[in-house]
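Novice: Input file: structure_15.cif. Contents: mmCIF, C-alpha atoms.
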```cif
data_entry
loop_
_atom_site.label_atom_id
_atom_site.label_comp_id
_atom_site.auth_asym_id
_atom_site.auth_seq_id
_atom_site.Cartn_x
_atom_site.Cartn_y
_atom_site.Cartn_z
CA MET A 13 -50.21 -44.26 36.52
CA GLY A 14 -52.34 -43.22 33.67
CA GLU A 15 -55.46 -44.10 35.61
CA THR A 16 -55.76 -45.49 39.06
CA LEU A 17 -59.06 -45.97 40.75
CA GLN A 18 -58.71 -43.96 43.92
CA VAL A 19 -60.19 -45.84 46.83
CA PRO A 20 -60.36 -44.70 50.41
CA LEU A 21 -58.00 -46.83 52.45
CA SER A 22 -60.88 -47.98 54.64
CA THR A 23 -62.71 -49.55 51.69
CA LEU A 24 -62.19 -53.21 50.96
CA PRO A 25 -62.32 -54.91 48.55
CA ALA A 26 -60.19 -52.49 46.54
CA ARG A 27 -59.47 -52.49 42.82
CA LEU A 28 -56.56 -50.59 41.31
CA LEU A 29 -56.67 -50.05 37.58
CA VAL A 30 -53.13 -49.39 36.36
CA LEU A 31 -52.85 -48.09 32.80
CA PRO A 32 -49.94 -46.70 30.80
CA HIS A 33 -49.91 -43.10 29.66
CA ARG A 34 -52.00 -42.59 26.56
CA SER A 35 -51.92 -38.99 25.40
CA LEU A 36 -53.30 -39.61 21.92
CA THR A 37 -57.01 -40.26 21.42
CA ARG A 38 -58.41 -42.34 18.56
CA ALA A 39 -59.53 -39.15 16.78
CA GLY A 40 -56.07 -37.65 17.31
CA LEU A 41 -54.44 -40.73 15.82
CA TRP A 42 -56.63 -40.57 12.72
CA LEU A 43 -56.06 -36.81 12.39
CA PHE A 44 -52.30 -37.32 12.60
CA LEU A 45 -52.40 -40.08 9.99
CA ALA A 46 -54.55 -37.92 7.67
CA LEU A 47 -52.16 -34.96 7.97
CA GLN A 48 -49.18 -37.25 7.50
CA GLY A 49 -50.82 -38.75 4.40
CA MET A 50 -51.50 -35.30 2.94
CA ALA A 51 -47.89 -34.25 3.50
CA MET A 52 -46.63 -37.49 1.94
CA ALA A 53 -48.97 -37.07 -1.02
CA ALA A 54 -47.81 -33.50 -1.60
CA PHE A 55 -44.13 -34.42 -1.56
CA ALA A 56 -44.69 -37.60 -3.60
CA GLY A 57 -46.67 -35.57 -6.16
CA LEU A 58 -43.87 -33.00 -6.35
CA ALA A 59 -41.28 -35.77 -6.78
CA ALA A 60 -43.41 -37.46 -9.49
CA TRP A 61 -43.79 -34.14 -11.28
CA ARG A 62 -39.98 -33.77 -11.20
CA GLY A 63 -39.55 -37.21 -12.79
CA ASN A 64 -39.54 -39.77 -9.97
CA VAL A 65 -42.51 -41.89 -11.03
CA PHE A 66 -42.01 -44.36 -8.16
CA ALA A 67 -42.40 -41.74 -5.42
CA PRO A 68 -46.22 -42.02 -5.15
CA TYR A 69 -46.02 -45.82 -4.84
CA PHE A 70 -43.34 -45.52 -2.17
CA ALA A 71 -45.41 -42.85 -0.34
CA VAL A 72 -48.47 -45.12 -0.23
CA LEU A 73 -46.38 -48.04 1.00
CA ASP A 74 -44.68 -45.81 3.57
CA TRP A 75 -48.01 -44.43 4.80
CA CYS A 76 -49.41 -47.94 5.19
CA VAL A 77 -46.40 -49.06 7.23
CA VAL A 78 -46.52 -45.95 9.47
CA ALA A 79 -50.30 -46.30 9.96
CA TYR A 80 -50.00 -49.99 10.84
CA ILE A 81 -47.18 -49.45 13.35
CA LEU A 82 -48.81 -46.45 15.03
CA SER A 83 -52.16 -48.20 15.33
CA ARG A 84 -50.48 -51.25 16.91
CA VAL A 85 -48.64 -49.04 19.40
CA TRP A 86 -51.86 -47.15 20.16
CA ARG A 87 -53.80 -50.38 20.76
CA ARG A 88 -51.02 -51.81 22.90
CA SER A 89 -51.03 -48.72 25.09
CA ALA A 90 -54.56 -49.62 26.23
CA SER A 91 -53.39 -52.77 27.95
CA GLY A 92 -52.91 -52.38 31.65
CA GLU A 93 -53.41 -54.34 34.83
CA VAL A 94 -56.17 -54.71 37.37
CA VAL A 95 -55.01 -55.36 40.92
CA ALA A 96 -57.92 -56.52 43.08
CA LEU A 97 -57.46 -56.88 46.82
CA SER A 98 -59.91 -58.37 49.29
CA ALA A 99 -59.64 -60.13 52.62
CA SER A 100 -59.44 -63.46 50.80
CA GLY A 101 -56.79 -62.64 48.20
CA LEU A 102 -54.87 -60.32 45.94
CA GLU A 103 -55.37 -60.94 42.23
CA VAL A 104 -53.42 -59.44 39.32
CA THR A 105 -55.13 -59.58 35.93
CA ARG A 106 -53.56 -58.37 32.69
CA MET A 107 -56.09 -56.57 30.51
CA ASP A 108 -54.57 -57.84 27.27
CA GLY A 109 -54.99 -61.46 28.33
CA SER A 110 -51.29 -62.23 27.86
CA ALA A 111 -51.16 -64.19 31.11
CA PRO A 112 -53.70 -65.91 33.32
CA PRO A 113 -54.71 -64.02 36.47
CA LEU A 114 -52.39 -64.65 39.40
CA ARG A 115 -53.84 -64.91 42.90
CA PHE A 116 -51.91 -64.44 46.13
CA HIS A 117 -52.92 -64.73 49.77
CA PRO A 118 -52.87 -61.21 51.28
CA TYR A 119 -51.09 -62.31 54.46
CA TRP A 120 -48.12 -63.79 52.62
CA VAL A 121 -47.65 -61.58 49.58
CA ARG A 122 -44.71 -59.17 49.57
CA VAL A 123 -44.37 -56.01 47.49
CA GLU A 124 -40.74 -55.66 46.45
CA SER A 125 -38.98 -52.96 44.49
CA ARG A 126 -36.04 -54.53 42.70
CA PRO A 127 -33.31 -52.91 40.62
CA GLY A 128 -33.48 -53.23 36.85
CA ARG A 129 -32.17 -56.37 35.19
CA HIS A 130 -29.26 -54.44 33.68
CA PHE A 131 -27.37 -51.29 34.61
CA GLY A 132 -29.39 -48.21 33.73
CA TRP A 133 -32.71 -50.01 33.39
CA ALA A 134 -35.77 -48.97 35.37
CA SER A 135 -36.53 -50.66 38.67
CA ARG A 136 -39.13 -53.42 38.86
CA LEU A 137 -42.14 -53.69 41.15
CA VAL A 138 -42.73 -57.35 41.98
CA LEU A 139 -45.41 -59.14 43.99
CA CYS A 140 -44.09 -62.43 45.32
CA SER A 141 -45.25 -65.23 47.58
CA HIS A 142 -44.42 -68.93 47.94
CA GLY A 143 -41.98 -68.99 45.03
CA ARG A 144 -44.34 -67.26 42.60
CA GLU A 145 -43.89 -63.70 41.46
CA VAL A 146 -45.37 -61.25 39.02
CA GLU A 147 -44.05 -57.90 37.87
CA ILE A 148 -46.61 -55.12 37.79
CA GLY A 149 -46.46 -51.60 36.39
CA LYS A 150 -43.68 -52.17 33.85
CA PHE A 151 -44.89 -49.12 31.93
CA LEU A 152 -44.86 -46.73 34.92
CA ASN A 153 -42.10 -44.27 35.69
CA GLU A 154 -40.12 -44.48 38.95
CA ALA A 155 -42.32 -42.06 40.94
CA GLU A 156 -45.54 -43.78 39.86
CA ARG A 157 -44.08 -47.19 40.61
CA ALA A 158 -43.13 -46.02 44.13
CA LEU A 159 -46.65 -44.58 44.63
CA LEU A 160 -48.23 -47.87 43.53
CA ALA A 161 -45.96 -49.82 45.90
CA ARG A 162 -46.92 -47.53 48.78
CA GLN A 163 -50.65 -47.86 48.00
CA LEU A 164 -50.41 -51.65 47.81
CA ASN A 165 -48.43 -51.86 51.05
CA GLU A 166 -51.01 -49.67 52.83
CA LEU A 167 -53.90 -51.77 51.54
CA LEU A 168 -52.15 -55.02 52.46
CA ALA A 169 -51.39 -53.67 55.94
CA GLN A 170 -55.07 -52.80 56.35
CA VAL A 171 -56.15 -56.30 55.28
CA ARG A 172 -53.71 -57.87 57.72
CA ARG A 173 -54.74 -55.53 60.53
CA ASP A 174 -58.46 -56.14 59.94
CA GLY A 175 -57.88 -59.90 59.84
CA VAL A 176 -55.99 -59.90 63.15
CA GLU A 177 -58.63 -57.69 64.81
CA SER A 178 -61.44 -60.00 63.74
CA GLY A 179 -59.52 -63.09 64.79
CA SER A 180 -59.34 -64.63 61.31
CA GLY A 181 -55.64 -63.87 60.93
CA GLN A 182 -54.56 -66.31 63.61
CA VAL A 183 -53.15 -69.62 62.47
#
```
Please re-express this file's structure in structure tokens.

Specialist:
Amino acid sequence: MGETLQVPLSTLPARLLVLPHRSLTRAGLWLFLALQGMAMAAFAGLAAWRGNVFAPYFAVLDWCVVAYILSRVWRRSASGEVVALSASGLEVTRMDGSAPPLRFHPYWVRVESRPGRHFGWASRLVLCSHGREVEIGKFLNEAERALLARQLNELLAQVRRDGVESGSGQV
């Protein structure tokens, strides 16, 4: 988990911020693109000097495509998930706004680790309750996904335990 808000297990409500790994800063991205552009310009200039007059045009086009793709990937890597848990519910919100927030009752939600959809694919961490389910942490590796599942199960167990102790968990 790129970033997870560490909360003591006795603190509720709890919010877990789950982000993908992002090792490149904005300044690093621009530095890389500047160095890449200088290298492309040098080789395109050399090719133009040797007779290939289209090399500079191709280099500019190539640099624009690379810059566009890398900036999209960099922006996409900022989208994560916020998992908020309180005594009244568990809510999963995607930071990129691709889906509406899903809310589950903490007594009925299950945290399941499922195998990948196809052979060799990574496992999936799914929250499910009453026929609804949402996959969380798609971008995490196996160890981080297992850690997130353990943290969620511990927090859910605490909510259920606190609800039973206070008498509000009885139906």

Novice: In Å, with one decimal, what is the gap from atom CA of A:Gly101 to atom CA of A:Arg172?

Specialist: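 A separation of 11.1 Å between them.
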
Novice: Could you pull out every residue with an atom within 9 Å of (-52.3, -64.7, 49.6), file coordinates, counting all atoms listed in the file, and send them as a short mmCIF file (atom, residue, chain, number, x, y, z; two decimals) with C-alpha atoms, in the frame of the given file?

Specialist:
```
data_model
loop_
_atom_site.label_atom_id
_atom_site.label_comp_id
_atom_site.auth_asym_id
_atom_site.auth_seq_id
_atom_site.Cartn_x
_atom_site.Cartn_y
_atom_site.Cartn_z
CA SER A 100 -59.44 -63.46 50.80
CA GLY A 101 -56.79 -62.64 48.20
CA LEU A 102 -54.87 -60.32 45.94
CA GLU A 103 -55.37 -60.94 42.23
CA ARG A 115 -53.84 -64.91 42.90
CA PHE A 116 -51.91 -64.44 46.13
CA HIS A 117 -52.92 -64.73 49.77
CA PRO A 118 -52.87 -61.21 51.28
CA TYR A 119 -51.09 -62.31 54.46
CA TRP A 120 -48.12 -63.79 52.62
CA VAL A 121 -47.65 -61.58 49.58
CA SER A 141 -45.25 -65.23 47.58
#
```

Novice: Expand the PyMOL selection byres ((chain A and resi 95) around 10) into the individual residues it matches in the shown file, reporting them as a list in words.

Specialist: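 Expected selection for the PyMOL selection byres ((chain A and resi 95) around 10) here is Ala26, Arg27, Leu28, Leu29, Val30, Gly92, Glu93, Val94, Ala96, Leu97, Leu102, Glu103, Val104, Thr105, Arg106, Pro113, Leu114, Arg115, Ile148 and Leu164 of chain A.
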
Novice: Here is a test: counting only C-alpha atoms, which residue of A:Gly128, A:Ala71, A:Leu160, A:Leu36 is nearest to A:Arg87?

Specialist: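 Checking each of A:Gly128, A:Ala71, A:Leu160, A:Leu36 against A:Arg87, counting only C-alpha atoms, the winner is A:Leu36.
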
Novice: So, counting all atoms listed in the file, which residue among A:His130, A:Arg173, A:Arg157, A:Arg122 is closest to A:Gly143?

Specialist: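 That would be A:Arg122, the residue with the smallest distance to A:Gly143.
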
Novice: The PyMOL selection byres ((chain A and resi 151) around 9) on the file shown: which residues, as a list in words?

Specialist: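 Evaluating the PyMOL selection byres ((chain A and resi 151) around 9) on this file yields Met13, Leu31, Pro32, His33, Gly92, Ile148, Gly149, Lys150, Leu152, Asn153 and Arg157 of chain A.
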
Novice: What gap, in Å, lies between atom CA of A:Arg126 and atom CA of A:Gln163?

Specialist: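 About the pair atom CA of A:Arg126 and atom CA of A:Gln163: they are 16.9 Å apart.
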
Novice: Some atoms are absent from stretch 74-93 of chain A, so rebuild N, CA, C and O atoms and return them as a compact mmCIF listing (two decimals), in the frame of the given file.

Specialist:
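The result, written out as selection_17.txt:
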```
# COMPACT_ATOMS: atom_id res chain seq x y z
N ASP A 74 -45.19 -46.41 2.34
CA ASP A 74 -44.68 -45.81 3.57
C ASP A 74 -45.82 -45.42 4.51
O ASP A 74 -45.77 -45.69 5.71
N TRP A 75 -46.88 -44.83 3.97
CA TRP A 75 -48.01 -44.43 4.80
C TRP A 75 -48.68 -45.65 5.41
O TRP A 75 -49.06 -45.63 6.59
N CYS A 76 -48.80 -46.72 4.66
CA CYS A 76 -49.41 -47.94 5.19
C CYS A 76 -48.58 -48.52 6.34
O CYS A 76 -49.14 -48.94 7.36
N VAL A 77 -47.27 -48.54 6.19
CA VAL A 77 -46.40 -49.06 7.23
C VAL A 77 -46.50 -48.19 8.49
O VAL A 77 -46.65 -48.69 9.61
N VAL A 78 -46.43 -46.87 8.33
CA VAL A 78 -46.52 -45.95 9.47
C VAL A 78 -47.88 -46.10 10.16
O VAL A 78 -47.97 -46.16 11.39
N ALA A 79 -48.96 -46.17 9.39
CA ALA A 79 -50.30 -46.30 9.96
C ALA A 79 -50.44 -47.62 10.72
O ALA A 79 -51.00 -47.65 11.83
N TYR A 80 -49.92 -48.69 10.18
CA TYR A 80 -50.00 -49.99 10.84
C TYR A 80 -49.23 -49.97 12.17
O TYR A 80 -49.74 -50.40 13.20
N ILE A 81 -48.01 -49.46 12.14
CA ILE A 81 -47.18 -49.45 13.35
C ILE A 81 -47.79 -48.55 14.42
O ILE A 81 -47.88 -48.93 15.59
N LEU A 82 -48.21 -47.35 14.04
CA LEU A 82 -48.81 -46.45 15.03
C LEU A 82 -50.11 -47.00 15.61
O LEU A 82 -50.37 -46.84 16.80
N SER A 83 -50.91 -47.64 14.80
CA SER A 83 -52.16 -48.20 15.33
C SER A 83 -51.88 -49.35 16.28
O SER A 83 -52.56 -49.52 17.29
N ARG A 84 -50.85 -50.17 16.00
CA ARG A 84 -50.48 -51.25 16.91
C ARG A 84 -49.98 -50.70 18.24
O ARG A 84 -50.35 -51.19 19.31
N VAL A 85 -49.14 -49.66 18.17
CA VAL A 85 -48.64 -49.04 19.40
C VAL A 85 -49.80 -48.43 20.18
O VAL A 85 -49.87 -48.56 21.41
N TRP A 86 -50.73 -47.78 19.49
CA TRP A 86 -51.86 -47.15 20.16
C TRP A 86 -52.74 -48.21 20.84
O TRP A 86 -53.16 -48.03 21.98
N ARG A 87 -52.99 -49.32 20.16
CA ARG A 87 -53.80 -50.38 20.76
C ARG A 87 -53.09 -51.03 21.95
O ARG A 87 -53.70 -51.34 22.96
N ARG A 88 -51.79 -51.19 21.82
CA ARG A 88 -51.02 -51.81 22.90
C ARG A 88 -51.00 -50.93 24.14
O ARG A 88 -50.93 -51.43 25.26
N SER A 89 -51.08 -49.62 23.94
CA SER A 89 -51.03 -48.72 25.09
C SER A 89 -52.31 -48.78 25.92
O SER A 89 -52.37 -48.19 26.99
N ALA A 90 -53.32 -49.47 25.46
CA ALA A 90 -54.56 -49.62 26.23
C ALA A 90 -54.48 -50.78 27.21
O ALA A 90 -55.33 -50.91 28.08
N SER A 91 -53.46 -51.61 27.07
CA SER A 91 -53.39 -52.77 27.95
C SER A 91 -52.74 -52.39 29.27
O SER A 91 -51.66 -51.83 29.30
N GLY A 92 -53.41 -52.69 30.32
CA GLY A 92 -52.91 -52.38 31.65
C GLY A 92 -53.13 -53.57 32.56
O GLY A 92 -53.20 -54.71 32.10
N GLU A 93 -53.26 -53.29 33.84
CA GLU A 93 -53.41 -54.34 34.83
C GLU A 93 -54.49 -53.94 35.82
O GLU A 93 -54.65 -52.76 36.13
```
